[in-house]
Amino acid sequence: MSATMTYGETLDVSQTAPIPMSRLVRVELRKMADTRAGMWLLIAIGAITALVLLIQIWVGAAQDLHLTFHSFLTSMSIPMGILLPVLGIMSVTSEWGQRTALVTFTLEPHRSRTIVAKLYCSVLLATGAVALALLLGVLGNLLFAAVDGGGPVWGVPVAEVLGFFLLQLLGLLTGFTFGMVLINTAAAIVLYFVYSFVLPGLFEWGAQTIGWFHDARPWFDFNFAQGPLVDASMSGKDWAHLAVAGVIWLVIPLTIGLRRVLGAEVK
Amino acid sequence: MIKLEGVTKTYGGFTAVDDVSFVAKAGRVTGFLGPNGAGKSTSMRIMVGLTPADHGTITIGGLRYADIPNPGRHVGVLLDASAQHAGRTGREVLALAALTMGLPESRVDDMLQLVGLSESESKRRVSNYSLGMRQRLGIASALIGDPSVLILDEPANGLDPAGIHWMRSLLRGYAERGGTVLLSSHLLHEVEMIADDMVLIGRGRIVAQGTKAELLQTQGTFVRAEHPQKLAAALAEAGIKATPSGDGGLRTDHEPLDVGRAAAAAAVVLTELRPAEGAGLEELFLELTADDARDDVTEGVQA
């Protein structure tokens with residue numbers, strides 16, 4: 001506070017720039033890591049992924065399996081696929097559970113900008129996760145080659161790395177969407193686990209017993225539609241499946257959630 | 001300057017804020033006073049766009065809140081000191097605010113010092129803060145952007161007497177430099193100490209507003225006698241309408257001279273006779289708000 005400040009009855013905002021999106025993204029990134037819950041989740045993602053890798057090397061060496069860079073990438077997508085969506089959920093719901101939305105939406109009254117910043121943040125984190133997975137994959141592959149005695153086998157096509165990235169991104173966004181729809185951490189995590197562990201079983205059962213269900217499944221089963229991404233075998237039709245299922249599981253709920261968040265009373 | 005015009009907000013059939021209009025002027029501390037549940041917090045949330053109003057307009061310095069770029073630099077807001085992530089440290093809460101507003105990290109230290117949170121306290125998580133410490137942290141985050149308008153909901157809540165004294169001089173200094181300060185309270189005493197102007201709200205409606213001096217000024221006489229019943233009878237005899245007012249005294253709209261003459265004529269011994277100004281805002285506040293509250297209580301008892 002300068003001692004000379006004087007204010008009139010009107011605000012002079014001519015010298016004030018709106019908050020740039022880049023700054024909002026930095027704020028959101030920082031918010032993901034500056035609480036104990038957020039920090040431990042990030043650490044857990046890294047640690048569990050590394051642990052899976054070590055177990056894989058150990059089992060692979062003990063059983064004399066043929067492990068390649070590709071095998072390591074595939075197995076790492078499992079723990080990441082479970083934990084990244086939780087990160088997506090928490091980036092949205094912690095604002096409500098901890099009532100920080102009161103401050104967040106006061107400092108940036110255009111709520112959609114904050115939501116967009118959180119989305120960018122999700123993309124950045126998915127990118128970071130993929131980079132970490134690649135790094136761990138390289139280390140794992142070298143370590144395995146050293147333990148196993150043979151030369152490391154690389155040869156992972158770029159399309160497969162991109163598919164891996166897309167897979168992690170869709171997982172994060174699915175969590176984000178569930179968070180936006182339910183605005184409650186526990187409920188959104190439960191919904192996510194039902195979606196990723198219970199629903200596939202039900203859909204599988206339906207597909208095996210009902211003929212039309214089997215044919216229609218790729219169009220609405222988002223997990224199933226993401227299957228070909230894992231080994232980068234996406235055909236044109238697979239992309240269409242992914243797009244339609246994506247509209248059902250991401251676009252529509254995200255739109256509903258966004259409308260709710262934009263109009264909601266923040267207490 | 002904060003200007004509300006005809007602001008109304010209803011929840012179902014319940015009108016939380018009912019046609020509220022008032023102005024909080026620059027260079028003055030405006031106290032927004034009312035009992036709990038009178039609509040103060042809802043009004044304040046409406047001011048900063050957290051709650052959509054059904055009717056009415058609100059401008060802050062001539063602008064809608066949503067049209068103020070980087071609003072933290074112009075309007076300092078404290079709505080609920082508990083609305084902080086319990087897992088963040090006090091310092092981190094301020095650092096996030098500074099980062100959002102594009103302020104240097106040094107502002108965080110300035111604010112911690114200003115509100116009297118020590119280095120070690122600032123490194124503790126908010127979950128370990130007392131209400132008073134949260135309140136100081138909330139005031140720090142409202143002030144960090146060096147705003148010219150302050151909107152503070154119950155800022156004195158949880159502060160000890162020294163803290164209230166500190167806040168009073170802080171806000172007074174703000175207003176003296178030309179800032180606009182609007183603070184709410186359900187305690188008359190707090191507002192009476194800090195505010196220049198007062199807006200009284202009860203059941204969502206503005207029941208009185210004006211400068212503190214205007215609102216303090218009440219006409220009439222306060223009188224007390226050795227035998228209250230004799231005094232009441234004497235006044236009734238003289239055609240002076242009086243109502244009981246605290247500790248056996250009576251209050252009337254008539255001048256002290258008339259009251260004294262009536263008492264003298266009936267040979268009633270007075271122990272106190274004075275203009276009623278000293279009774280202050282307390283009675284006004286009770287009168288204006290307790291009507292509603294008392295209705296509630298009796299209705300509740302009968303029901």
# chains A, B, ... in the order shown; residues from 1 in each chain; ligands from 1
$ residues_around --residues "B:Ser141" --least-positions-apart "2" --cutoff "10 Å" --atoms "only C-alpha atoms" --output "PDB file with C-alpha atoms, in the first residue's frame"
ATOM      1  CA  VAL A 103     -11.626 -17.928  -3.693  1.00  0.00           C
TER       2      VAL A 103
ATOM      3  CA  GLY B  72      -8.101  -9.248  -7.067  1.00  0.00           C
ATOM      4  CA  GLY B  76     -10.233  -7.459  -1.925  1.00  0.00           C
ATOM      5  CA  VAL B  77     -12.708 -10.099  -0.845  1.00  0.00           C
ATOM      6  CA  LEU B  78     -13.000 -12.143   2.328  1.00  0.00           C
ATOM      7  CA  ALA B  81     -12.046 -17.574   6.322  1.00  0.00           C
ATOM      8  CA  GLY B  90      -0.885 -20.323   5.070  1.00  0.00           C
ATOM      9  CA  VAL B  93      -2.552 -19.909   0.181  1.00  0.00           C
ATOM     10  CA  LEU B  94      -1.119 -16.415  -0.196  1.00  0.00           C
ATOM     11  CA  ALA B  95       1.426 -17.544  -2.796  1.00  0.00           C
ATOM     12  CA  LEU B  96      -1.396 -18.934  -4.951  1.00  0.00           C
ATOM     13  CA  ALA B  97      -3.309 -15.660  -4.676  1.00  0.00           C
ATOM     14  CA  ALA B  98      -0.154 -13.695  -5.554  1.00  0.00           C
ATOM     15  CA  VAL B 108       3.416 -12.766   0.479  1.00  0.00           C
ATOM     16  CA  MET B 111       1.145  -9.527   3.930  1.00  0.00           C
ATOM     17  CA  LEU B 112       2.224 -12.096   6.509  1.00  0.00           C
ATOM     18  CA  VAL B 115      -1.470  -9.392   9.520  1.00  0.00           C
ATOM     19  CA  GLN B 135      -9.230 -14.745   9.774  1.00  0.00           C
ATOM     20  CA  ARG B 136      -5.853 -12.997   9.598  1.00  0.00           C
ATOM     21  CA  LEU B 137      -4.894 -15.158   6.644  1.00  0.00           C
ATOM     22  CA  GLY B 138      -8.186 -14.309   4.947  1.00  0.00           C
ATOM     23  CA  ILE B 139      -7.603 -10.601   5.518  1.00  0.00           C
ATOM     24  CA  LEU B 143      -5.288  -7.174   0.903  1.00  0.00           C
ATOM     25  CA  ILE B 144      -2.521  -8.811  -1.123  1.00  0.00           C
ATOM     26  CA  GLY B 145      -3.592  -7.295  -4.436  1.00  0.00           C
ATOM     27  CA  ASP B 146      -3.527  -3.781  -2.965  1.00  0.00           C
TER      28      ASP B 146
END
$ closest_atom_pairs --of "chain A" --to "chain B" --cutoff "8 Å" --atoms "only C-alpha atoms" --output "JSON lines"
{"residue": "A:Met1", "atom": "CA", "partner": "B:Asp146", "partner_atom": "CA", "distance": 6.0}
{"residue": "A:Ala3", "atom": "CA", "partner": "B:Arg177", "partner_atom": "CA", "distance": 7.5}
{"residue": "A:Thr4", "atom": "CA", "partner": "B:Arg177", "partner_atom": "CA", "distance": 7.4}
{"residue": "A:Met5", "atom": "CA", "partner": "B:Arg177", "partner_atom": "CA", "distance": 6.1}
{"residue": "A:Thr6", "atom": "CA", "partner": "B:Gly178", "partner_atom": "CA", "distance": 5.0}
{"residue": "A:Tyr7", "atom": "CA", "partner": "B:Gly178", "partner_atom": "CA", "distance": 4.9}
{"residue": "A:Gly8", "atom": "CA", "partner": "B:Ala26", "partner_atom": "CA", "distance": 6.6}
{"residue": "A:Glu9", "atom": "CA", "partner": "B:Met1", "partner_atom": "CA", "distance": 5.0}
{"residue": "A:Thr10", "atom": "CA", "partner": "B:Gly61", "partner_atom": "CA", "distance": 3.8}
{"residue": "A:Leu11", "atom": "CA", "partner": "B:Gly61", "partner_atom": "CA", "distance": 4.6}
{"residue": "A:Val13", "atom": "CA", "partner": "B:Ile68", "partner_atom": "CA", "distance": 7.0}
{"residue": "A:Thr16", "atom": "CA", "partner": "B:Pro69", "partner_atom": "CA", "distance": 6.2}
{"residue": "A:Ala17", "atom": "CA", "partner": "B:Pro69", "partner_atom": "CA", "distance": 6.0}
{"residue": "A:Pro18", "atom": "CA", "partner": "B:Pro69", "partner_atom": "CA", "distance": 4.5}
{"residue": "A:Ile19", "atom": "CA", "partner": "B:Asn70", "partner_atom": "CA", "distance": 5.5}
{"residue": "A:Arg23", "atom": "CA", "partner": "B:Thr100", "partner_atom": "CA", "distance": 6.5}
{"residue": "A:Leu24", "atom": "CA", "partner": "B:Thr100", "partner_atom": "CA", "distance": 6.4}
{"residue": "A:Val27", "atom": "CA", "partner": "B:Thr100", "partner_atom": "CA", "distance": 6.3}
{"residue": "A:Arg30", "atom": "CA", "partner": "B:Leu96", "partner_atom": "CA", "distance": 8.0}
{"residue": "A:Lys31", "atom": "CA", "partner": "B:Leu96", "partner_atom": "CA", "distance": 7.9}
{"residue": "A:Asp34", "atom": "CA", "partner": "B:Arg88", "partner_atom": "CA", "distance": 6.5}
{"residue": "A:Thr35", "atom": "CA", "partner": "B:Gly87", "partner_atom": "CA", "distance": 5.1}
{"residue": "A:Arg36", "atom": "CA", "partner": "B:Gly87", "partner_atom": "CA", "distance": 6.1}
{"residue": "A:Ala37", "atom": "CA", "partner": "B:Gly87", "partner_atom": "CA", "distance": 7.8}
{"residue": "A:Gln98", "atom": "CA", "partner": "B:His85", "partner_atom": "CA", "distance": 5.1}
{"residue": "A:Arg99", "atom": "CA", "partner": "B:Ala83", "partner_atom": "CA", "distance": 4.9}
{"residue": "A:Thr100", "atom": "CA", "partner": "B:Gln84", "partner_atom": "CA", "distance": 5.3}
{"residue": "A:Leu102", "atom": "CA", "partner": "B:Ala83", "partner_atom": "CA", "distance": 6.8}
{"residue": "A:Val103", "atom": "CA", "partner": "B:Ala83", "partner_atom": "CA", "distance": 7.6}
{"residue": "A:Phe105", "atom": "CA", "partner": "B:Leu50", "partner_atom": "CA", "distance": 7.2}
{"residue": "A:Thr106", "atom": "CA", "partner": "B:Val48", "partner_atom": "CA", "distance": 6.5}
{"residue": "A:Leu107", "atom": "CA", "partner": "B:Gly72", "partner_atom": "CA", "distance": 5.4}
{"residue": "A:Glu108", "atom": "CA", "partner": "B:Asn70", "partner_atom": "CA", "distance": 6.9}
{"residue": "A:Pro109", "atom": "CA", "partner": "B:Ala66", "partner_atom": "CA", "distance": 5.6}
{"residue": "A:His110", "atom": "CA", "partner": "B:Ala66", "partner_atom": "CA", "distance": 6.9}
{"residue": "A:Gly263", "atom": "CA", "partner": "B:Pro52", "partner_atom": "CA", "distance": 7.9}
{"residue": "A:Ala264", "atom": "CA", "partner": "B:Thr51", "partner_atom": "CA", "distance": 7.5}
{"residue": "A:Glu265", "atom": "CA", "partner": "B:Thr51", "partner_atom": "CA", "distance": 4.7}
{"residue": "A:Val266", "atom": "CA", "partner": "B:Leu50", "partner_atom": "CA", "distance": 5.2}
{"residue": "A:Lys267", "atom": "CA", "partner": "B:Leu50", "partner_atom": "CA", "distance": 7.5}
$ write_last_selection --atoms "N, CA and C atoms" --output "short mmCIF file (atom, residue, chain, number, x, y, z; two decimals), in the first residue's frame"
data_model
loop_
_atom_site.label_atom_id
_atom_site.label_comp_id
_atom_site.auth_asym_id
_atom_site.auth_seq_id
_atom_site.Cartn_x
_atom_site.Cartn_y
_atom_site.Cartn_z
N MET A 1 0.84 -1.20 0.00
CA MET A 1 0.00 0.00 0.00
C MET A 1 0.87 1.24 0.00
N ALA A 3 1.55 5.14 0.43
CA ALA A 3 0.92 6.12 1.32
C ALA A 3 0.16 7.17 0.52
N THR A 4 0.49 7.27 -0.75
CA THR A 4 -0.09 8.35 -1.55
C THR A 4 -1.37 7.93 -2.27
N MET A 5 -1.77 6.69 -2.11
CA MET A 5 -2.88 6.25 -2.95
C MET A 5 -4.17 6.99 -2.63
N THR A 6 -4.82 7.38 -3.66
CA THR A 6 -6.14 7.97 -3.49
C THR A 6 -7.06 7.33 -4.51
N TYR A 7 -8.27 7.10 -4.12
CA TYR A 7 -9.21 6.44 -5.02
C TYR A 7 -10.44 7.30 -5.20
N GLY A 8 -10.99 7.22 -6.38
CA GLY A 8 -12.24 7.93 -6.62
C GLY A 8 -13.41 6.98 -6.44
N GLU A 9 -14.56 7.44 -6.89
CA GLU A 9 -15.74 6.59 -6.79
C GLU A 9 -15.78 5.55 -7.91
N THR A 10 -14.97 5.76 -8.94
CA THR A 10 -14.96 4.77 -10.02
C THR A 10 -13.60 4.07 -10.05
N LEU A 11 -13.62 2.84 -10.50
CA LEU A 11 -12.38 2.08 -10.60
C LEU A 11 -11.70 2.40 -11.92
N VAL A 13 -9.54 0.83 -14.41
CA VAL A 13 -9.00 -0.49 -14.75
C VAL A 13 -8.19 -0.46 -16.04
N THR A 16 -4.96 -2.32 -15.93
CA THR A 16 -4.98 -3.71 -15.47
C THR A 16 -5.29 -4.65 -16.62
N ALA A 17 -4.38 -5.60 -16.85
CA ALA A 17 -4.61 -6.60 -17.89
C ALA A 17 -5.38 -7.77 -17.28
N PRO A 18 -6.23 -8.42 -18.07
CA PRO A 18 -6.87 -9.62 -17.55
C PRO A 18 -5.82 -10.68 -17.23
N ILE A 19 -6.19 -11.65 -16.40
CA ILE A 19 -5.24 -12.71 -16.05
C ILE A 19 -5.01 -13.58 -17.29
N ARG A 23 -1.04 -18.03 -16.93
CA ARG A 23 -0.89 -17.90 -15.49
C ARG A 23 -1.90 -18.77 -14.75
N LEU A 24 -3.13 -18.82 -15.30
CA LEU A 24 -4.15 -19.66 -14.67
C LEU A 24 -3.71 -21.13 -14.70
N VAL A 27 -1.16 -21.68 -12.05
CA VAL A 27 -1.81 -21.76 -10.74
C VAL A 27 -2.41 -23.15 -10.54
N ARG A 30 0.20 -25.79 -9.94
CA ARG A 30 0.74 -25.68 -8.59
C ARG A 30 -0.24 -26.25 -7.57
N LYS A 31 -1.54 -26.00 -7.79
CA LYS A 31 -2.54 -26.47 -6.85
C LYS A 31 -2.61 -28.00 -6.80
N ASP A 34 0.53 -28.88 -4.33
CA ASP A 34 0.87 -28.18 -3.09
C ASP A 34 0.07 -28.64 -1.87
N THR A 35 -0.72 -29.72 -2.02
CA THR A 35 -1.37 -30.28 -0.86
C THR A 35 -0.81 -31.68 -0.64
N ARG A 36 -0.99 -32.18 0.56
CA ARG A 36 -0.45 -33.50 0.86
C ARG A 36 -1.09 -34.54 -0.06
N ALA A 37 -2.41 -34.45 -0.22
CA ALA A 37 -3.11 -35.43 -1.04
C ALA A 37 -2.60 -35.38 -2.48
N GLN A 98 -13.11 -28.67 -0.53
CA GLN A 98 -12.38 -27.78 0.38
C GLN A 98 -12.88 -26.35 0.27
N ARG A 99 -13.88 -26.13 -0.53
CA ARG A 99 -14.54 -24.83 -0.68
C ARG A 99 -13.61 -23.74 -1.21
N THR A 100 -12.50 -24.15 -1.81
CA THR A 100 -11.61 -23.13 -2.36
C THR A 100 -12.20 -22.48 -3.61
N LEU A 102 -14.68 -20.82 -3.74
CA LEU A 102 -15.07 -19.49 -3.30
C LEU A 102 -13.99 -18.46 -3.65
N VAL A 103 -12.74 -18.83 -3.40
CA VAL A 103 -11.63 -17.93 -3.69
C VAL A 103 -11.28 -17.97 -5.19
N PHE A 105 -13.04 -18.66 -7.84
CA PHE A 105 -13.99 -17.99 -8.74
C PHE A 105 -14.18 -16.52 -8.39
N THR A 106 -13.65 -16.10 -7.25
CA THR A 106 -13.66 -14.67 -6.95
C THR A 106 -12.49 -13.99 -7.67
N LEU A 107 -11.35 -14.69 -7.70
CA LEU A 107 -10.17 -14.11 -8.36
C LEU A 107 -10.29 -14.18 -9.87
N GLU A 108 -11.01 -15.15 -10.38
CA GLU A 108 -11.29 -15.21 -11.82
C GLU A 108 -12.78 -15.50 -12.00
N PRO A 109 -13.57 -14.42 -12.10
CA PRO A 109 -15.03 -14.62 -12.14
C PRO A 109 -15.51 -15.32 -13.41
N HIS A 110 -14.68 -15.35 -14.44
CA HIS A 110 -15.08 -16.09 -15.64
C HIS A 110 -14.71 -17.55 -15.41
N GLY A 263 -23.22 -22.10 -13.71
CA GLY A 263 -24.41 -21.45 -13.17
C GLY A 263 -24.56 -21.61 -11.67
N ALA A 264 -23.74 -22.50 -11.10
CA ALA A 264 -23.96 -22.86 -9.70
C ALA A 264 -23.66 -21.70 -8.76
N GLU A 265 -24.35 -21.74 -7.62
CA GLU A 265 -24.06 -20.79 -6.58
C GLU A 265 -22.89 -21.33 -5.78
N VAL A 266 -21.85 -20.53 -5.60
CA VAL A 266 -20.67 -20.99 -4.86
C VAL A 266 -20.77 -20.51 -3.43
N LYS A 267 -20.85 -21.46 -2.51
CA LYS A 267 -20.98 -21.08 -1.09
C LYS A 267 -19.77 -21.48 -0.31
#
$ select_by_dssp --residues "stretch 204-248 of chain B" --states "strand (DSSP E or B)" --output "list in words"
Arg205, Ile206, Val207, Ala208, Gln209, Gly210, Thr211, Thr221, Phe222, Val223, Arg224, Ala225, Ala242, Thr243 and Pro244 of chain B
$ write_last_selection --atoms "C-alpha atoms" --output "PDB file, in the first residue's frame"
ATOM      1  CA  ARG B 205     -34.657  -6.111   3.815  1.00  0.00           C
ATOM      2  CA  ILE B 206     -32.773  -2.923   4.556  1.00  0.00           C
ATOM      3  CA  VAL B 207     -34.368  -1.555   7.703  1.00  0.00           C
ATOM      4  CA  ALA B 208     -32.192   1.516   8.221  1.00  0.00           C
ATOM      5  CA  GLN B 209     -29.187   3.189   6.700  1.00  0.00           C
ATOM      6  CA  GLY B 210     -27.235   6.360   7.196  1.00  0.00           C
ATOM      7  CA  THR B 211     -24.167   7.743   8.886  1.00  0.00           C
ATOM      8  CA  THR B 221     -35.967  11.329  27.168  1.00  0.00           C
ATOM      9  CA  PHE B 222     -34.799   8.579  29.430  1.00  0.00           C
ATOM     10  CA  VAL B 223     -36.118   8.769  32.966  1.00  0.00           C
ATOM     11  CA  ARG B 224     -35.836   6.673  36.083  1.00  0.00           C
ATOM     12  CA  ALA B 225     -37.569   7.105  39.419  1.00  0.00           C
ATOM     13  CA  ALA B 242     -43.735   6.229  27.914  1.00  0.00           C
ATOM     14  CA  THR B 243     -42.342   2.768  27.316  1.00  0.00           C
ATOM     15  CA  PRO B 244     -40.185   0.677  29.632  1.00  0.00           C
TER      16      PRO B 244
END
$ atom_distance --atom1 "atom CA of A:Leu202" --atom2 "atom CA of A:Pro218"
13.7 Å
$ atom_distance --atom1 "atom CA of B:Ser184" --atom2 "atom CA of A:Thr93"
29.5 Å
$ residues_around --residues "A:Leu199" --least-positions-apart "3" --cutoff "12 Å" --atoms "only C-alpha atoms" --output "ChimeraX atom specification"
/A:191-196,202-207,217,220-224
$ write_last_selection --atoms "N, CA and C atoms" --output "PDB file, in the first residue's frame"
ATOM      1  N   LEU A 191     -17.505 -43.899  -9.125  1.00  0.00           N
ATOM      2  CA  LEU A 191     -18.062 -43.980 -10.482  1.00  0.00           C
ATOM      3  C   LEU A 191     -16.971 -44.404 -11.469  1.00  0.00           C
ATOM      4  N   TYR A 192     -15.771 -43.851 -11.275  1.00  0.00           N
ATOM      5  CA  TYR A 192     -14.703 -44.189 -12.207  1.00  0.00           C
ATOM      6  C   TYR A 192     -14.342 -45.671 -12.112  1.00  0.00           C
ATOM      7  N   PHE A 193     -14.305 -46.206 -10.900  1.00  0.00           N
ATOM      8  CA  PHE A 193     -13.946 -47.620 -10.763  1.00  0.00           C
ATOM      9  C   PHE A 193     -15.061 -48.520 -11.285  1.00  0.00           C
ATOM     10  N   VAL A 194     -16.315 -48.110 -11.070  1.00  0.00           N
ATOM     11  CA  VAL A 194     -17.426 -48.867 -11.660  1.00  0.00           C
ATOM     12  C   VAL A 194     -17.288 -48.852 -13.179  1.00  0.00           C
ATOM     13  N   TYR A 195     -16.997 -47.666 -13.701  1.00  0.00           N
ATOM     14  CA  TYR A 195     -16.870 -47.502 -15.154  1.00  0.00           C
ATOM     15  C   TYR A 195     -15.732 -48.351 -15.709  1.00  0.00           C
ATOM     16  N   SER A 196     -14.599 -48.410 -15.000  1.00  0.00           N
ATOM     17  CA  SER A 196     -13.454 -49.088 -15.609  1.00  0.00           C
ATOM     18  C   SER A 196     -13.315 -50.546 -15.190  1.00  0.00           C
ATOM     19  N   LEU A 202     -19.766 -56.286 -17.421  1.00  0.00           N
ATOM     20  CA  LEU A 202     -21.192 -56.332 -17.789  1.00  0.00           C
ATOM     21  C   LEU A 202     -21.353 -56.265 -19.298  1.00  0.00           C
ATOM     22  N   PHE A 203     -20.589 -55.340 -19.907  1.00  0.00           N
ATOM     23  CA  PHE A 203     -20.691 -55.183 -21.363  1.00  0.00           C
ATOM     24  C   PHE A 203     -20.215 -56.463 -22.069  1.00  0.00           C
ATOM     25  N   GLU A 204     -19.191 -57.089 -21.513  1.00  0.00           N
ATOM     26  CA  GLU A 204     -18.659 -58.320 -22.088  1.00  0.00           C
ATOM     27  C   GLU A 204     -19.736 -59.411 -22.053  1.00  0.00           C
ATOM     28  N   TRP A 205     -20.377 -59.500 -20.899  1.00  0.00           N
ATOM     29  CA  TRP A 205     -21.435 -60.494 -20.726  1.00  0.00           C
ATOM     30  C   TRP A 205     -22.572 -60.206 -21.709  1.00  0.00           C
ATOM     31  N   GLY A 206     -22.938 -58.935 -21.811  1.00  0.00           N
ATOM     32  CA  GLY A 206     -24.012 -58.557 -22.733  1.00  0.00           C
ATOM     33  C   GLY A 206     -23.646 -58.894 -24.172  1.00  0.00           C
ATOM     34  N   ALA A 207     -22.388 -58.621 -24.520  1.00  0.00           N
ATOM     35  CA  ALA A 207     -21.956 -58.842 -25.899  1.00  0.00           C
ATOM     36  C   ALA A 207     -21.964 -60.323 -26.239  1.00  0.00           C
ATOM     37  N   ARG A 217     -21.671 -52.562 -29.274  1.00  0.00           N
ATOM     38  CA  ARG A 217     -20.777 -52.291 -28.141  1.00  0.00           C
ATOM     39  C   ARG A 217     -19.652 -51.285 -28.423  1.00  0.00           C
ATOM     40  N   PHE A 220     -20.569 -47.556 -27.942  1.00  0.00           N
ATOM     41  CA  PHE A 220     -20.874 -46.876 -26.666  1.00  0.00           C
ATOM     42  C   PHE A 220     -19.965 -47.315 -25.526  1.00  0.00           C
ATOM     43  N   ASP A 221     -19.202 -48.405 -25.724  1.00  0.00           N
ATOM     44  CA  ASP A 221     -18.293 -48.832 -24.655  1.00  0.00           C
ATOM     45  C   ASP A 221     -16.954 -48.125 -24.857  1.00  0.00           C
ATOM     46  N   PHE A 222     -16.732 -47.077 -24.049  1.00  0.00           N
ATOM     47  CA  PHE A 222     -15.560 -46.215 -24.251  1.00  0.00           C
ATOM     48  C   PHE A 222     -14.265 -46.988 -23.981  1.00  0.00           C
ATOM     49  N   ASN A 223     -14.282 -47.843 -22.956  1.00  0.00           N
ATOM     50  CA  ASN A 223     -13.103 -48.665 -22.653  1.00  0.00           C
ATOM     51  C   ASN A 223     -12.756 -49.550 -23.840  1.00  0.00           C
ATOM     52  N   PHE A 224     -13.797 -50.201 -24.354  1.00  0.00           N
ATOM     53  CA  PHE A 224     -13.629 -51.132 -25.467  1.00  0.00           C
ATOM     54  C   PHE A 224     -13.112 -50.391 -26.699  1.00  0.00           C
TER      55      PHE A 224
END
$ atom_distance --atom1 "atom CA of A:Ile55" --atom2 "atom CA of A:Val230"
20.9 Å
$ closest_residue --among "A:Ser91, A:Ser112, A:Leu143, A:Asp238" --to "A:Leu54" --atoms "only C-alpha atoms"
A:Leu143
$ closest_residue --among "A:Leu135, A:Ala159, A:Met90, A:Leu142" --to "A:Ala188" --atoms "only C-alpha atoms"
A:Met90
$ decode --residues "stretch 83-123 of chain B" --atoms "C-alpha atoms" --output "compact mmCIF listing (two decimals), in the first residue's frame"
# COMPACT_ATOMS: atom_id res chain seq x y z
CA ALA B 83 -12.92 -21.66 2.75
CA GLN B 84 -9.27 -22.61 2.37
CA HIS B 85 -7.77 -25.96 1.52
CA ALA B 86 -6.95 -27.46 4.92
CA GLY B 87 -3.89 -29.16 3.46
CA ARG B 88 -2.18 -26.00 2.23
CA THR B 89 0.10 -23.91 4.36
CA GLY B 90 -0.88 -20.32 5.07
CA ARG B 91 2.06 -19.14 3.00
CA GLU B 92 0.98 -21.32 0.08
CA VAL B 93 -2.55 -19.91 0.18
CA LEU B 94 -1.12 -16.41 -0.20
CA ALA B 95 1.43 -17.54 -2.80
CA LEU B 96 -1.40 -18.93 -4.95
CA ALA B 97 -3.31 -15.66 -4.68
CA ALA B 98 -0.15 -13.69 -5.55
CA LEU B 99 0.55 -15.95 -8.52
CA THR B 100 -3.02 -15.63 -9.80
CA MET B 101 -2.89 -11.85 -9.56
CA GLY B 102 0.60 -11.68 -11.09
CA LEU B 103 2.26 -10.29 -7.97
CA PRO B 104 5.84 -10.89 -6.85
CA GLU B 105 6.39 -13.48 -4.12
CA SER B 106 7.64 -10.68 -1.85
CA ARG B 107 4.02 -9.54 -1.42
CA VAL B 108 3.42 -12.77 0.48
CA ASP B 109 5.99 -11.81 3.11
CA ASP B 110 4.65 -8.26 3.26
CA MET B 111 1.15 -9.53 3.93
CA LEU B 112 2.22 -12.10 6.51
CA GLN B 113 3.99 -9.33 8.35
CA LEU B 114 1.03 -6.97 8.00
CA VAL B 115 -1.47 -9.39 9.52
CA GLY B 116 0.98 -10.64 12.14
CA LEU B 117 1.46 -14.25 11.09
CA SER B 118 4.97 -15.39 11.99
CA GLU B 119 7.35 -17.26 9.73
CA SER B 120 6.72 -20.56 11.50
CA GLU B 121 2.95 -20.03 11.61
CA SER B 122 2.91 -19.37 7.89
CA LYS B 123 4.50 -22.77 7.27
